[in-house]
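Presented below is the structure to which this report refers.
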Amino acid sequence: MARKLFCQYGPLCYWLSLKKEYLLRDIHQLCSGNTYAKQLQPEQPLPCVIKGHLSPLIRRLHGVDMRLQKNKVHNLRLAAAKINGIVIQPGECFSFWKLVGPTTAKRGYLEGLTISGTALTSGVGGGLCQLANLIHWLVLNSPLEVTELHHHSDTLFPDEQRRVPFGTGTSVFYKNVDYQFKNTTDQPVQLLLWLTDTDLCGELRSTKPFPLKYRIVEENHHFQQEPDGYYRISQIYRLAIDPDTRQVRNKELVLNNHSKVMYDPALIPPEQIRSEAISCS
């Protein structure tokens with residue numbers, strides 16, 4: 001029989017292990033030499049919109065309790081307020097959890113949808129991946145450098161009102177599964193975040209346009225059956241485009257998707273299933 005880990009010997013051992021991991025992460029960040037953005041100025045937006053985006057607050061996900069979706073909206077509102085207006089100066093880093101902090105019931109968070117391993121479950125503060133996903137999408141459409149990213153490894157439910165390519169999201173879990181980026185440009189950038197009745201909205205702003213424009217494209221998207229099940233396949237690229245000539249200056253592979261489908265394969269659109277993969281150059 002496999003030997004138990006220390007954290008498996010009871011709630012106290014789990015709590016001690018968690019605190020140890022938190023401490024190790026804090027020491028690592030302290031020794032990294034990074035400076036993390038703290039300045040919030042939501043009432044003073046920078047003048048130039050680099051990228052804007054919105055995502056629906058409520059999605060009809062197959063087999064998901066709608067109560068968790070409604071609680072998620074509440075959680076998003078709390079967390080977005082902690083980030084809204086953050087200004088990241090040249091050389092500074094953005095950390096999702098350094099700004100949001102613990103998502104506990106004492107701080108007003110409710111039980112929402114979470115991902116545990118390869119399964120959908122629930123937990124206090126659940127649903128904040130949607131906020132991290134929106135921020136990541138804004139950053140992808142800029143020259144900012146992503147320094148910490150944790151991809152969702154599996155396809156947990158079918159598409160519903162998807163507005164960005166699958167695979168461009170990120171997982172977050174307080175506080176060791178973070179989302180971070182660094183402002184490697186010579187001008188400040190700012191994140192504005194807010195909720196309407198129907199959507200989570202965000203803008204990435206700066207003092208002036210960047211020299212190049214950015215566009216995210218998905219290629220070779222399809223599903224294919226493999227010995228252990230169905231997989232979602234695609235390649236996600238970031239194009240850097242000259243705004244004057246409209247020529248592509250650079251094409252960067254952001255993600256090579258090979259994600260196992262964890263929901264009922266009968267829900268996959270038949271026209272999107274290929275019997276054999278098509279090779280990509």
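Ligands are numbered from 1 in the order shown, residues from 1 within each chain, and chains are lettered A, B, ... in the order they appear in the structure tokens.
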
All residues 8 Å or closer to Leu195 of chain A, only C-alpha atoms, same chain fewer than 5 positions away omitted, as a list in words:
Arg77, Leu200 and Cys201 of chain A

Selection to disk with N, CA and C atoms, as a PDB file, in the first residue's frame:
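As written to disk, part.pdb reads:
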ATOM      1  N   ARG A  77     -18.086  39.921  -8.969  1.00  0.00           N
ATOM      2  CA  ARG A  77     -18.241  41.335  -8.631  1.00  0.00           C
ATOM      3  C   ARG A  77     -17.266  41.734  -7.511  1.00  0.00           C
ATOM      4  N   LEU A 200     -19.537  40.142 -18.070  1.00  0.00           N
ATOM      5  CA  LEU A 200     -18.303  40.581 -17.424  1.00  0.00           C
ATOM      6  C   LEU A 200     -17.498  41.324 -18.483  1.00  0.00           C
ATOM      7  N   CYS A 201     -17.105  42.556 -18.198  1.00  0.00           N
ATOM      8  CA  CYS A 201     -16.471  43.413 -19.204  1.00  0.00           C
ATOM      9  C   CYS A 201     -15.073  43.822 -18.743  1.00  0.00           C
TER      10      CYS A 201
END

From segment 27-210 of chain A, collect each residue whose DSSP state is helix (DSSP H, G or I) and return the set as a PyMOL selection string.
chain A and resi 27-32+66-83+96-100+105-107+129-140

Expected file: the selected residues, C-alpha atoms, as a JSON list (two decimals), in the first residue's frame:
[["chain", "number", "residue", "atom", "x", "y", "z"],
["A", 27, "ILE", "CA", 9.69, 33.40, -0.21],
["A", 28, "HIS", "CA", 10.11, 32.58, -3.91],
["A", 29, "GLN", "CA", 8.34, 35.77, -4.99],
["A", 30, "LEU", "CA", 10.31, 37.84, -2.48],
["A", 31, "CYS", "CA", 13.58, 36.47, -3.85],
["A", 32, "SER", "CA", 12.53, 36.91, -7.48],
["A", 66, "MET", "CA", -27.65, 27.33, -12.01],
["A", 67, "ARG", "CA", -27.36, 28.37, -8.35],
["A", 68, "LEU", "CA", -23.58, 28.05, -8.70],
["A", 69, "GLN", "CA", -23.69, 30.28, -11.76],
["A", 70, "LYS", "CA", -25.61, 32.98, -9.90],
["A", 71, "ASN", "CA", -23.22, 32.76, -6.96],
["A", 72, "LYS", "CA", -20.34, 33.07, -9.42],
["A", 73, "VAL", "CA", -21.66, 36.46, -10.53],
["A", 74, "HIS", "CA", -21.53, 37.65, -6.92],
["A", 75, "ASN", "CA", -17.96, 36.35, -6.56],
["A", 76, "LEU", "CA", -16.89, 38.01, -9.81],
["A", 77, "ARG", "CA", -18.24, 41.33, -8.63],
["A", 78, "LEU", "CA", -16.19, 41.15, -5.41],
["A", 79, "ALA", "CA", -12.97, 40.08, -7.13],
["A", 80, "ALA", "CA", -13.24, 42.49, -10.08],
["A", 81, "ALA", "CA", -13.46, 45.41, -7.65],
["A", 82, "LYS", "CA", -10.06, 44.40, -6.21],
["A", 83, "ILE", "CA", -8.42, 44.65, -9.66],
["A", 96, "PHE", "CA", -4.12, 37.95, -9.74],
["A", 97, "TRP", "CA", -3.98, 36.68, -6.16],
["A", 98, "LYS", "CA", -1.84, 39.51, -4.77],
["A", 99, "LEU", "CA", -4.72, 41.83, -5.65],
["A", 100, "VAL", "CA", -7.77, 39.61, -5.03],
["A", 105, "ALA", "CA", -16.81, 33.19, 3.26],
["A", 106, "LYS", "CA", -15.67, 35.76, 5.85],
["A", 107, "ARG", "CA", -14.81, 38.09, 2.96],
["A", 129, "CYS", "CA", -11.45, 31.56, -13.58],
["A", 130, "GLN", "CA", -13.78, 33.59, -15.81],
["A", 131, "LEU", "CA", -12.18, 36.78, -14.54],
["A", 132, "ALA", "CA", -8.65, 35.43, -15.04],
["A", 133, "ASN", "CA", -9.66, 34.21, -18.52],
["A", 134, "LEU", "CA", -10.85, 37.68, -19.52],
["A", 135, "ILE", "CA", -7.65, 39.32, -18.25],
["A", 136, "HIS", "CA", -5.53, 36.75, -20.09],
["A", 137, "TRP", "CA", -7.43, 37.40, -23.34],
["A", 138, "LEU", "CA", -6.74, 41.13, -23.03],
["A", 139, "VAL", "CA", -3.05, 40.46, -22.35],
["A", 140, "LEU", "CA", -2.77, 38.05, -25.30]]

Atomic separation - atom CA of Pro227 of chain A relative to atom CA of Ala266 of chain A, Å:
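Between these atoms lies a distance of 16.7 Å.
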
May I have a table of the residues of segment 69-176 of chain A lying at most 10 Å from segment 182-185 of chain A, giving each one's closest pair of atoms and their distance in Å to one decimal, counting only C-alpha atoms, ordered by chain and ascending residue number, as a tab-separated table?
residue	atom	partner	partner_atom	distance
A:Ile88	CA	A:Asn183	CA	6.6
A:Gln89	CA	A:Asn183	CA	6.7
A:Pro90	CA	A:Asn183	CA	5.2
A:Gly91	CA	A:Asn183	CA	5.4
A:Glu92	CA	A:Asn183	CA	5.7
A:Cys93	CA	A:Lys182	CA	4.2
A:Phe94	CA	A:Lys182	CA	6.2
A:Ser95	CA	A:Lys182	CA	9.1
A:Val139	CA	A:Lys182	CA	9.8
A:Ser142	CA	A:Thr185	CA	10.0
A:Pro143	CA	A:Thr185	CA	7.4
A:Leu144	CA	A:Asn183	CA	5.4
A:Glu145	CA	A:Lys182	CA	5.2
A:Val146	CA	A:Lys182	CA	6.4
A:Thr147	CA	A:Lys182	CA	6.6
A:Glu148	CA	A:Lys182	CA	9.6

Just the selected residues (N, CA and C atoms), exported as an mmCIF file, in the first residue's frame, please.
data_model
loop_
_atom_site.group_PDB
_atom_site.id
_atom_site.type_symbol
_atom_site.label_atom_id
_atom_site.label_comp_id
_atom_site.auth_asym_id
_atom_site.auth_seq_id
_atom_site.Cartn_x
_atom_site.Cartn_y
_atom_site.Cartn_z
ATOM 1 N N ILE A 88 -0.178 49.039 -14.204
ATOM 2 C CA ILE A 88 1.071 48.279 -14.180
ATOM 3 C C ILE A 88 2.115 49.107 -14.919
ATOM 4 N N GLN A 89 3.058 49.648 -14.189
ATOM 5 C CA GLN A 89 4.093 50.494 -14.767
ATOM 6 C C GLN A 89 5.133 49.635 -15.502
ATOM 7 N N PRO A 90 5.920 50.239 -16.412
ATOM 8 C CA PRO A 90 6.984 49.479 -17.079
ATOM 9 C C PRO A 90 7.881 48.770 -16.074
ATOM 10 N N GLY A 91 8.094 47.477 -16.299
ATOM 11 C CA GLY A 91 8.927 46.677 -15.409
ATOM 12 C C GLY A 91 8.179 46.024 -14.266
ATOM 13 N N GLU A 92 6.936 46.454 -14.003
ATOM 14 C CA GLU A 92 6.154 45.863 -12.923
ATOM 15 C C GLU A 92 5.438 44.595 -13.380
ATOM 16 N N CYS A 93 5.036 43.770 -12.391
ATOM 17 C CA CYS A 93 4.303 42.534 -12.652
ATOM 18 C C CYS A 93 2.883 42.641 -12.084
ATOM 19 N N PHE A 94 1.988 41.927 -12.712
ATOM 20 C CA PHE A 94 0.610 41.783 -12.232
ATOM 21 C C PHE A 94 0.449 40.388 -11.662
ATOM 22 N N SER A 95 -0.142 40.297 -10.472
ATOM 23 C CA SER A 95 -0.472 39.013 -9.859
ATOM 24 C C SER A 95 -1.946 39.012 -9.495
ATOM 25 N N VAL A 139 -4.511 40.457 -22.319
ATOM 26 C CA VAL A 139 -3.048 40.455 -22.348
ATOM 27 C C VAL A 139 -2.526 39.799 -23.626
ATOM 28 N N SER A 142 -1.816 41.941 -26.756
ATOM 29 C CA SER A 142 -0.879 43.023 -26.468
ATOM 30 C C SER A 142 0.533 42.431 -26.441
ATOM 31 N N PRO A 143 1.557 43.285 -26.345
ATOM 32 C CA PRO A 143 2.929 42.765 -26.255
ATOM 33 C C PRO A 143 3.359 42.397 -24.842
ATOM 34 N N LEU A 144 2.463 42.445 -23.864
ATOM 35 C CA LEU A 144 2.808 42.105 -22.489
ATOM 36 C C LEU A 144 3.236 40.640 -22.395
ATOM 37 N N GLU A 145 4.096 40.333 -21.431
ATOM 38 C CA GLU A 145 4.671 38.991 -21.297
ATOM 39 C C GLU A 145 3.990 38.205 -20.178
ATOM 40 N N VAL A 146 3.330 37.114 -20.527
ATOM 41 C CA VAL A 146 2.721 36.240 -19.522
ATOM 42 C C VAL A 146 3.836 35.464 -18.828
ATOM 43 N N THR A 147 3.874 35.527 -17.498
ATOM 44 C CA THR A 147 4.943 34.881 -16.734
ATOM 45 C C THR A 147 4.464 33.697 -15.897
ATOM 46 N N GLU A 148 3.146 33.596 -15.664
ATOM 47 C CA GLU A 148 2.596 32.408 -14.989
ATOM 48 C C GLU A 148 1.205 32.133 -15.534
#

From the DSSP assignment of the backbone, select every residue of segment 69-120 of chain A that is strand (DSSP E), and format the answer as a PyMOL selection string.
chain A and resi 87-88+93-95+111-116+119-120

A:Leu16, A:Val172, A:Leu24, A:Ile50: which is nearest Gly202 of chain A, counting only C-alpha atoms?
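Smallest distance to Gly202 of chain A is found for A:Ile50.
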
Suppose you want the space between atom CA of Ile273 of chain A and atom CA of Arg238 of chain A; what is it in Å?
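Spanning atom CA of Ile273 of chain A to atom CA of Arg238 of chain A is a straight-line distance of 25.1 Å.
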
Need to verify the contact set: Glu219 of chain A, 10 Å, only C-alpha atoms, exclusion of same-chain residues closer than 3 positions in sequence. Can you return it as a short mmCIF file (atom, residue, chain, number, x, y, z; two decimals) with C-alpha atoms, in the first residue's frame?
data_model
loop_
_atom_site.label_atom_id
_atom_site.label_comp_id
_atom_site.auth_asym_id
_atom_site.auth_seq_id
_atom_site.Cartn_x
_atom_site.Cartn_y
_atom_site.Cartn_z
CA PRO A 165 -10.87 30.16 -29.11
CA HIS A 222 -11.50 19.54 -34.74
CA ILE A 233 -7.42 19.50 -31.20
CA SER A 234 -6.35 22.95 -32.37
CA GLN A 235 -3.43 25.35 -32.57
CA ILE A 236 -3.69 28.88 -31.17
CA TYR A 237 -1.44 31.58 -32.64
CA ASN A 256 -1.06 23.38 -29.11
CA CYS A 280 0.33 21.11 -39.41
#

Residue nearest Gly123 of chain A among A:Phe181, A:Phe210, A:Gly169, A:Tyr174 (counting only C-alpha atoms):
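Distance minimum relative to Gly123 of chain A lands on A:Tyr174.
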